[in-house]
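Written out below as C-alpha coordinates is the structure these notes cover.
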Amino acid sequence: MPMPFIELLKARRASRAVSPDPLDEKTVSALVEAARFAPSCYNKQPWRYLFMTSPGALEKARSALAKGNSWALAAPLLVAAYSKPSGDCVLPDGRSYHQFDVGMSVMNLMLQATELGLVARPMAGFKPQAVHDAFGLDPDDQVIIMIAVGRPGDEASLPEKMRNLDDAPRQRLAPSQMARIL
(Lines give C-alpha, C1' and ligand atoms only; values in the text may rest on other atoms or scores of the structure.)
Protein backbone atom coordinates (compact mmCIF):
# COMPACT_ATOMS: atom_id res chain seq x y z
CA MET A 1 0.00 0.00 0.00
CA PRO A 2 1.43 3.42 -0.92
CA MET A 3 2.57 5.70 1.86
CA PRO A 4 0.18 8.62 2.61
CA PHE A 5 1.61 11.73 0.98
CA ILE A 6 2.29 13.70 4.16
CA GLU A 7 4.13 10.67 5.54
CA LEU A 8 6.21 10.51 2.36
CA LEU A 9 7.15 14.17 2.88
CA LYS A 10 8.08 13.50 6.49
CA ALA A 11 10.11 10.43 5.51
CA ARG A 12 12.24 12.33 2.99
CA ARG A 13 15.72 12.82 4.37
CA ALA A 14 18.88 13.97 2.66
CA SER A 15 21.43 11.67 4.25
CA ARG A 16 25.10 11.82 3.34
CA ALA A 17 25.61 8.09 3.93
CA VAL A 18 25.06 6.53 0.51
CA SER A 19 25.79 2.95 -0.47
CA PRO A 20 27.91 2.52 -3.62
CA ASP A 21 25.74 -0.41 -4.76
CA PRO A 22 24.52 0.26 -8.31
CA LEU A 23 20.89 1.09 -9.00
CA ASP A 24 19.07 -0.96 -11.61
CA GLU A 25 17.65 0.50 -14.80
CA LYS A 26 14.05 0.19 -13.56
CA THR A 27 14.86 2.33 -10.51
CA VAL A 28 16.60 5.02 -12.56
CA SER A 29 13.69 5.01 -15.03
CA ALA A 30 11.22 5.56 -12.17
CA LEU A 31 13.21 8.63 -11.10
CA VAL A 32 13.20 9.96 -14.67
CA GLU A 33 9.42 9.44 -14.91
CA ALA A 34 8.79 11.25 -11.63
CA ALA A 35 10.90 14.23 -12.75
CA ARG A 36 9.13 14.28 -16.10
CA PHE A 37 5.64 14.71 -14.62
CA ALA A 38 6.27 17.96 -12.74
CA PRO A 39 4.10 20.97 -13.51
CA SER A 40 5.61 23.93 -15.36
CA CYS A 41 4.64 27.34 -16.64
CA TYR A 42 2.51 26.81 -19.77
CA ASN A 43 3.71 23.20 -19.72
CA LYS A 44 7.06 24.25 -21.20
CA GLN A 45 8.92 21.57 -19.23
CA PRO A 46 12.26 23.43 -19.21
CA TRP A 47 14.13 20.83 -17.17
CA ARG A 48 16.85 18.71 -18.65
CA TYR A 49 18.83 16.09 -16.79
CA LEU A 50 22.02 14.13 -16.90
CA PHE A 51 21.57 10.81 -15.06
CA MET A 52 25.14 9.64 -14.59
CA THR A 53 25.64 5.96 -13.77
CA SER A 54 28.47 4.83 -16.06
CA PRO A 55 32.03 4.93 -14.70
CA GLY A 56 33.11 7.58 -17.23
CA ALA A 57 30.14 9.88 -16.59
CA LEU A 58 30.45 9.47 -12.83
CA GLU A 59 34.17 10.32 -13.00
CA LYS A 60 33.41 13.55 -14.87
CA ALA A 61 30.61 14.48 -12.46
CA ARG A 62 32.63 13.62 -9.36
CA SER A 63 35.46 15.88 -10.50
CA ALA A 64 33.02 18.82 -10.36
CA LEU A 65 32.09 18.25 -6.70
CA ALA A 66 33.29 20.60 -3.98
CA LYS A 67 35.60 19.10 -1.37
CA GLY A 68 32.80 19.31 1.23
CA ASN A 69 30.76 16.88 -0.81
CA SER A 70 33.38 14.13 -0.77
CA TRP A 71 30.73 11.84 0.76
CA ALA A 72 28.91 11.93 -2.64
CA LEU A 73 31.82 10.15 -4.34
CA ALA A 74 30.22 6.88 -3.22
CA ALA A 75 26.86 7.58 -4.88
CA PRO A 76 26.11 5.18 -7.76
CA LEU A 77 23.97 7.87 -9.43
CA LEU A 78 24.72 11.54 -9.77
CA VAL A 79 22.09 13.69 -11.40
CA ALA A 80 22.59 17.17 -12.82
CA ALA A 81 19.52 19.28 -13.55
CA TYR A 82 19.81 22.15 -16.00
CA SER A 83 17.73 24.40 -18.21
CA LYS A 84 17.84 27.38 -20.50
CA PRO A 85 16.47 30.62 -19.05
CA SER A 86 14.83 31.24 -22.43
CA GLY A 87 13.18 27.80 -22.35
CA ASP A 88 10.46 28.80 -19.91
CA CYS A 89 8.18 31.69 -19.07
CA VAL A 90 9.78 35.09 -18.68
CA LEU A 91 7.18 37.68 -17.74
CA PRO A 92 7.27 41.31 -18.89
CA ASP A 93 8.28 42.40 -15.38
CA GLY A 94 11.37 40.16 -15.63
CA ARG A 95 10.26 37.19 -13.54
CA SER A 96 11.80 34.03 -14.95
CA TYR A 97 10.33 30.64 -14.08
CA HIS A 98 12.90 28.15 -15.35
CA GLN A 99 14.62 27.62 -12.00
CA PHE A 100 11.32 27.32 -10.15
CA ASP A 101 10.05 24.75 -12.62
CA VAL A 102 13.30 22.78 -12.47
CA GLY A 103 12.99 22.83 -8.67
CA MET A 104 9.52 21.29 -8.84
CA SER A 105 10.82 18.58 -11.15
CA VAL A 106 13.74 17.88 -8.81
CA MET A 107 11.36 17.59 -5.86
CA ASN A 108 9.33 15.02 -7.77
CA LEU A 109 12.53 13.04 -8.33
CA MET A 110 13.45 13.28 -4.64
CA LEU A 111 10.01 12.16 -3.48
CA GLN A 112 10.10 9.19 -5.87
CA ALA A 113 13.51 8.30 -4.46
CA THR A 114 12.06 8.45 -0.94
CA GLU A 115 9.18 6.18 -1.90
CA LEU A 116 11.72 3.71 -3.34
CA GLY A 117 13.72 3.76 -0.08
CA LEU A 118 16.61 5.71 -1.60
CA VAL A 119 18.63 8.68 -0.47
CA ALA A 120 18.48 11.70 -2.81
CA ARG A 121 20.53 14.62 -1.54
CA PRO A 122 20.66 17.84 -3.56
CA MET A 123 23.98 19.68 -3.56
CA ALA A 124 24.94 23.26 -4.26
CA GLY A 125 28.61 22.40 -3.65
CA PHE A 126 29.81 21.73 -7.17
CA LYS A 127 31.24 23.63 -10.13
CA PRO A 128 28.38 24.18 -12.61
CA GLN A 129 30.74 25.22 -15.39
CA ALA A 130 32.76 22.02 -14.98
CA VAL A 131 29.59 19.95 -15.46
CA HIS A 132 28.55 22.15 -18.37
CA ASP A 133 31.90 21.73 -20.13
CA ALA A 134 32.43 18.04 -19.30
CA PHE A 135 29.11 17.06 -20.87
CA GLY A 136 29.12 19.51 -23.79
CA LEU A 137 25.96 21.39 -22.88
CA ASP A 138 24.72 24.28 -25.01
CA PRO A 139 26.22 27.68 -24.18
CA ASP A 140 22.94 29.00 -22.73
CA ASP A 141 22.22 25.91 -20.61
CA GLN A 142 22.38 26.70 -16.91
CA VAL A 143 23.34 23.86 -14.54
CA ILE A 144 21.23 24.45 -11.45
CA ILE A 145 21.70 21.52 -9.07
CA MET A 146 23.36 18.15 -8.59
CA ILE A 147 21.74 15.34 -6.66
CA ALA A 148 23.48 12.28 -5.20
CA VAL A 149 21.22 9.22 -5.26
CA GLY A 150 21.66 5.74 -3.84
CA ARG A 151 20.55 3.31 -1.21
CA PRO A 152 21.13 4.32 2.40
CA GLY A 153 24.73 3.67 3.36
CA ASP A 154 26.77 3.12 6.48
CA GLU A 155 27.55 6.28 8.44
CA ALA A 156 30.89 4.71 9.41
CA SER A 157 31.97 5.29 5.80
CA LEU A 158 31.65 9.05 6.22
CA PRO A 159 34.46 11.32 7.37
CA GLU A 160 34.36 11.68 11.17
CA LYS A 161 33.07 15.28 11.08
CA MET A 162 30.08 14.24 8.95
CA ARG A 163 28.95 11.34 11.09
CA ASN A 164 25.73 11.83 13.03
CA LEU A 165 24.91 15.11 11.22
CA ASP A 166 21.79 13.49 9.83
CA ASP A 167 20.68 12.26 13.27
CA ALA A 168 19.66 15.69 14.54
CA PRO A 169 15.93 16.13 15.04
CA ARG A 170 14.31 17.49 11.92
CA GLN A 171 13.28 21.07 12.56
CA ARG A 172 10.78 23.08 10.59
CA LEU A 173 9.28 26.48 11.21
CA ALA A 174 5.94 26.44 12.95
CA PRO A 175 3.01 26.99 10.58
CA SER A 176 2.45 30.43 12.12
CA GLN A 177 6.04 31.40 11.29
CA MET A 178 5.83 30.55 7.60
CA ALA A 179 2.22 31.05 6.60
CA ARG A 180 -0.38 33.72 7.06
CA ILE A 181 -3.89 32.43 6.61
CA LEU A 182 -6.01 35.41 5.73
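Following the order of the C-alpha coordinates, first chain is A, next is B, and so on, with residues numbered from 1 inside each chain and ligands from 1 in the order they appear.
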
Residues within 10 Å of segment 125-134 of chain A, only C-alpha atoms, excluding chain neighbours under 3 positions, as an NGL selection string
:A and (50 or 57 or 60-70 or 80 or 82 or 122 or 137-146)

Go ahead and dump the residues you just picked, N, CA and C atoms, as an mmCIF file, in the first residue's frame.
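And here's result-v1.cif as it stands now:
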data_model
loop_
_atom_site.group_PDB
_atom_site.id
_atom_site.type_symbol
_atom_site.label_atom_id
_atom_site.label_comp_id
_atom_site.auth_asym_id
_atom_site.auth_seq_id
_atom_site.Cartn_x
_atom_site.Cartn_y
_atom_site.Cartn_z
ATOM 1 N N LEU A 50 20.992 15.125 -16.642
ATOM 2 C CA LEU A 50 22.024 14.129 -16.901
ATOM 3 C C LEU A 50 21.923 13.133 -15.752
ATOM 4 N N ALA A 57 30.988 8.729 -16.928
ATOM 5 C CA ALA A 57 30.136 9.876 -16.594
ATOM 6 C C ALA A 57 30.260 10.227 -15.114
ATOM 7 N N LYS A 60 33.518 12.135 -14.471
ATOM 8 C CA LYS A 60 33.405 13.549 -14.870
ATOM 9 C C LYS A 60 32.602 14.342 -13.838
ATOM 10 N N ALA A 61 31.469 13.784 -13.417
ATOM 11 C CA ALA A 61 30.610 14.484 -12.460
ATOM 12 C C ALA A 61 31.297 14.624 -11.101
ATOM 13 N N ARG A 62 31.952 13.576 -10.656
ATOM 14 C CA ARG A 62 32.630 13.624 -9.356
ATOM 15 C C ARG A 62 33.727 14.671 -9.327
ATOM 16 N N SER A 63 34.380 14.884 -10.458
ATOM 17 C CA SER A 63 35.457 15.877 -10.496
ATOM 18 C C SER A 63 34.922 17.300 -10.330
ATOM 19 N N ALA A 64 33.619 17.493 -10.514
ATOM 20 C CA ALA A 64 33.022 18.817 -10.361
ATOM 21 C C ALA A 64 32.558 19.091 -8.928
ATOM 22 N N LEU A 65 32.578 18.079 -8.068
ATOM 23 C CA LEU A 65 32.089 18.248 -6.701
ATOM 24 C C LEU A 65 33.053 19.062 -5.853
ATOM 25 N N ALA A 66 32.492 19.865 -4.965
ATOM 26 C CA ALA A 66 33.291 20.600 -3.980
ATOM 27 C C ALA A 66 33.845 19.611 -2.959
ATOM 28 N N LYS A 67 34.944 19.965 -2.347
ATOM 29 C CA LYS A 67 35.596 19.099 -1.367
ATOM 30 C C LYS A 67 34.635 18.695 -0.240
ATOM 31 N N GLY A 68 33.759 19.595 0.156
ATOM 32 C CA GLY A 68 32.801 19.315 1.232
ATOM 33 C C GLY A 68 31.778 18.255 0.875
ATOM 34 N N ASN A 69 31.683 17.918 -0.386
ATOM 35 C CA ASN A 69 30.757 16.877 -0.815
ATOM 36 C C ASN A 69 31.485 15.579 -1.167
ATOM 37 N N SER A 70 32.609 15.355 -0.515
ATOM 38 C CA SER A 70 33.377 14.131 -0.774
ATOM 39 C C SER A 70 32.551 12.878 -0.468
ATOM 40 N N ALA A 80 22.467 15.725 -12.643
ATOM 41 C CA ALA A 80 22.590 17.173 -12.815
ATOM 42 C C ALA A 80 21.325 17.653 -13.506
ATOM 43 N N TYR A 82 19.463 20.887 -15.344
ATOM 44 C CA TYR A 82 19.810 22.149 -15.995
ATOM 45 C C TYR A 82 18.662 22.609 -16.882
ATOM 46 N N PRO A 122 20.249 16.783 -2.636
ATOM 47 C CA PRO A 122 20.661 17.840 -3.564
ATOM 48 C C PRO A 122 21.900 18.550 -3.029
ATOM 49 N N LEU A 137 27.276 20.760 -22.838
ATOM 50 C CA LEU A 137 25.960 21.390 -22.879
ATOM 51 C C LEU A 137 25.995 22.642 -23.748
ATOM 52 N N ASP A 138 24.822 23.063 -24.206
ATOM 53 C CA ASP A 138 24.717 24.280 -25.015
ATOM 54 C C ASP A 138 25.183 25.487 -24.214
ATOM 55 N N PRO A 139 25.704 26.507 -24.894
ATOM 56 C CA PRO A 139 26.216 27.681 -24.177
ATOM 57 C C PRO A 139 25.204 28.334 -23.235
ATOM 58 N N ASP A 140 23.924 28.342 -23.590
ATOM 59 C CA ASP A 140 22.942 28.998 -22.730
ATOM 60 C C ASP A 140 22.270 28.054 -21.730
ATOM 61 N N ASP A 141 22.720 26.804 -21.651
ATOM 62 C CA ASP A 141 22.218 25.906 -20.612
ATOM 63 C C ASP A 141 22.808 26.319 -19.273
ATOM 64 N N GLN A 142 21.976 26.316 -18.251
ATOM 65 C CA GLN A 142 22.385 26.699 -16.906
ATOM 66 C C GLN A 142 22.247 25.479 -15.988
ATOM 67 N N VAL A 143 23.374 24.988 -15.474
ATOM 68 C CA VAL A 143 23.344 23.859 -14.543
ATOM 69 C C VAL A 143 22.930 24.419 -13.183
ATOM 70 N N ILE A 144 21.842 23.880 -12.647
ATOM 71 C CA ILE A 144 21.226 24.446 -11.448
ATOM 72 C C ILE A 144 21.563 23.664 -10.186
ATOM 73 N N ILE A 145 21.536 22.333 -10.274
ATOM 74 C CA ILE A 145 21.702 21.522 -9.067
ATOM 75 C C ILE A 145 22.283 20.158 -9.433
ATOM 76 N N MET A 146 22.976 19.563 -8.481
ATOM 77 C CA MET A 146 23.364 18.154 -8.594
ATOM 78 C C MET A 146 22.738 17.415 -7.424
#

Any idea what's packed within 6 Å of segment 27-37 of chain A, counting only C-alpha atoms, ignoring anything in its chain fewer than 6 positions away? Could you give it as a ChimeraX atom specification?
/A:105,108-109

Here is a test: counting only C-alpha atoms, which residue of A:Glu7, A:Ala17, A:Val106, A:Asp93 is nearest to Glu160 of chain A?
A:Ala17

Could you pull out the residues in segment 48-169 of chain A that DSSP calls alpha helix (DSSP H) from the backbone, as an NGL selection string?
:A and (55-62 or 98-115 or 128-134)

Given the selection you just returned, output its residues as a file containing N, CA and C atoms, formatted as an mmCIF file, in the first residue's frame.
data_model
loop_
_atom_site.group_PDB
_atom_site.id
_atom_site.type_symbol
_atom_site.label_atom_id
_atom_site.label_comp_id
_atom_site.auth_asym_id
_atom_site.auth_seq_id
_atom_site.Cartn_x
_atom_site.Cartn_y
_atom_site.Cartn_z
ATOM 1 N N PRO A 55 30.777 4.502 -15.334
ATOM 2 C CA PRO A 55 32.026 4.935 -14.697
ATOM 3 C C PRO A 55 32.583 6.237 -15.287
ATOM 4 N N GLY A 56 32.567 6.372 -16.615
ATOM 5 C CA GLY A 56 33.107 7.579 -17.233
ATOM 6 C C GLY A 56 32.315 8.828 -16.884
ATOM 7 N N ALA A 57 30.988 8.729 -16.928
ATOM 8 C CA ALA A 57 30.136 9.876 -16.594
ATOM 9 C C ALA A 57 30.260 10.227 -15.114
ATOM 10 N N LEU A 58 30.300 9.200 -14.264
ATOM 11 C CA LEU A 58 30.453 9.468 -12.831
ATOM 12 C C LEU A 58 31.792 10.134 -12.534
ATOM 13 N N GLU A 59 32.842 9.708 -13.209
ATOM 14 C CA GLU A 59 34.168 10.321 -12.996
ATOM 15 C C GLU A 59 34.131 11.809 -13.339
ATOM 16 N N LYS A 60 33.518 12.135 -14.471
ATOM 17 C CA LYS A 60 33.405 13.549 -14.870
ATOM 18 C C LYS A 60 32.602 14.342 -13.838
ATOM 19 N N ALA A 61 31.469 13.784 -13.417
ATOM 20 C CA ALA A 61 30.610 14.484 -12.460
ATOM 21 C C ALA A 61 31.297 14.624 -11.101
ATOM 22 N N ARG A 62 31.952 13.576 -10.656
ATOM 23 C CA ARG A 62 32.630 13.624 -9.356
ATOM 24 C C ARG A 62 33.727 14.671 -9.327
ATOM 25 N N HIS A 98 12.201 29.401 -15.063
ATOM 26 C CA HIS A 98 12.900 28.151 -15.348
ATOM 27 C C HIS A 98 13.475 27.486 -14.107
ATOM 28 N N GLN A 99 14.050 28.242 -13.190
ATOM 29 C CA GLN A 99 14.623 27.616 -11.996
ATOM 30 C C GLN A 99 13.536 27.076 -11.072
ATOM 31 N N PHE A 100 12.439 27.790 -10.956
ATOM 32 C CA PHE A 100 11.319 27.319 -10.148
ATOM 33 C C PHE A 100 10.788 26.001 -10.708
ATOM 34 N N ASP A 101 10.581 25.957 -12.006
ATOM 35 C CA ASP A 101 10.049 24.748 -12.623
ATOM 36 C C ASP A 101 11.024 23.584 -12.519
ATOM 37 N N VAL A 102 12.313 23.840 -12.667
ATOM 38 C CA VAL A 102 13.302 22.784 -12.470
ATOM 39 C C VAL A 102 13.245 22.300 -11.022
ATOM 40 N N GLY A 103 13.084 23.213 -10.085
ATOM 41 C CA GLY A 103 12.991 22.835 -8.674
ATOM 42 C C GLY A 103 11.815 21.907 -8.396
ATOM 43 N N MET A 104 10.676 22.185 -9.032
ATOM 44 C CA MET A 104 9.525 21.293 -8.843
ATOM 45 C C MET A 104 9.811 19.908 -9.409
ATOM 46 N N SER A 105 10.475 19.857 -10.541
ATOM 47 C CA SER A 105 10.818 18.584 -11.149
ATOM 48 C C SER A 105 11.798 17.810 -10.263
ATOM 49 N N VAL A 106 12.774 18.515 -9.711
ATOM 50 C CA VAL A 106 13.744 17.880 -8.807
ATOM 51 C C VAL A 106 13.034 17.335 -7.564
ATOM 52 N N MET A 107 12.078 18.084 -7.045
ATOM 53 C CA MET A 107 11.357 17.586 -5.860
ATOM 54 C C MET A 107 10.593 16.316 -6.189
ATOM 55 N N ASN A 108 9.985 16.257 -7.369
ATOM 56 C CA ASN A 108 9.326 15.015 -7.770
ATOM 57 C C ASN A 108 10.312 13.852 -7.750
ATOM 58 N N LEU A 109 11.493 14.075 -8.308
ATOM 59 C CA LEU A 109 12.534 13.044 -8.333
ATOM 60 C C LEU A 109 12.883 12.616 -6.904
ATOM 61 N N MET A 110 13.057 13.583 -6.019
ATOM 62 C CA MET A 110 13.445 13.282 -4.639
ATOM 63 C C MET A 110 12.357 12.519 -3.899
ATOM 64 N N LEU A 111 11.100 12.875 -4.143
ATOM 65 C CA LEU A 111 10.008 12.157 -3.483
ATOM 66 C C LEU A 111 9.890 10.731 -4.016
ATOM 67 N N GLN A 112 10.109 10.549 -5.309
ATOM 68 C CA GLN A 112 10.099 9.193 -5.868
ATOM 69 C C GLN A 112 11.225 8.385 -5.249
ATOM 70 N N ALA A 113 12.390 8.997 -5.102
ATOM 71 C CA ALA A 113 13.511 8.305 -4.463
ATOM 72 C C ALA A 113 13.134 7.886 -3.037
ATOM 73 N N THR A 114 12.486 8.763 -2.309
ATOM 74 C CA THR A 114 12.061 8.453 -0.945
ATOM 75 C C THR A 114 11.113 7.264 -0.939
ATOM 76 N N GLU A 115 10.137 7.281 -1.842
ATOM 77 C CA GLU A 115 9.179 6.181 -1.901
ATOM 78 C C GLU A 115 9.881 4.851 -2.218
ATOM 79 N N PRO A 128 29.301 24.311 -11.480
ATOM 80 C CA PRO A 128 28.376 24.179 -12.605
ATOM 81 C C PRO A 128 29.079 24.238 -13.962
ATOM 82 N N GLN A 129 30.064 25.101 -14.095
ATOM 83 C CA GLN A 129 30.743 25.221 -15.386
ATOM 84 C C GLN A 129 31.511 23.951 -15.737
ATOM 85 N N ALA A 130 32.049 23.277 -14.727
ATOM 86 C CA ALA A 130 32.763 22.023 -14.978
ATOM 87 C C ALA A 130 31.805 20.962 -15.515
ATOM 88 N N VAL A 131 30.600 20.891 -14.963
ATOM 89 C CA VAL A 131 29.586 19.950 -15.463
ATOM 90 C C VAL A 131 29.193 20.344 -16.880
ATOM 91 N N HIS A 132 28.945 21.613 -17.060
ATOM 92 C CA HIS A 132 28.554 22.154 -18.368
ATOM 93 C C HIS A 132 29.564 21.760 -19.434
ATOM 94 N N ASP A 133 30.838 21.995 -19.154
ATOM 95 C CA ASP A 133 31.898 21.733 -20.130
ATOM 96 C C ASP A 133 32.139 20.235 -20.329
ATOM 97 N N ALA A 134 32.128 19.479 -19.225
ATOM 98 C CA ALA A 134 32.427 18.043 -19.302
ATOM 99 C C ALA A 134 31.401 17.285 -20.142
#

For the strand (DSSP E) assignment from backbone DSSP, which residues of segment 47-136 of chain A qualify? Please present them as a PyMOL selection string.
chain A and resi 48-52+77-83+119-123

Thr53 of chain A: which residues within 9 Å, counting only C-alpha atoms, same-chain residues fewer than 4 positions away excluded, as a PyMOL selection string?
chain A and resi 22-23+57-58+76-79

Could you check how far atom CA of Ala14 of chain A sits from atom CA of Tyr97 of chain A, in Å to one decimal?
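According to the coordinates, atom CA of Ala14 of chain A and atom CA of Tyr97 of chain A are separated by 25.1 Å.
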
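Among the candidates A:Leu116, A:Ala174, A:Cys41, A:Ala124, the residue lying nearest to Cys89 of chain A is A:Cys41 (atoms considered: only C-alpha atoms).
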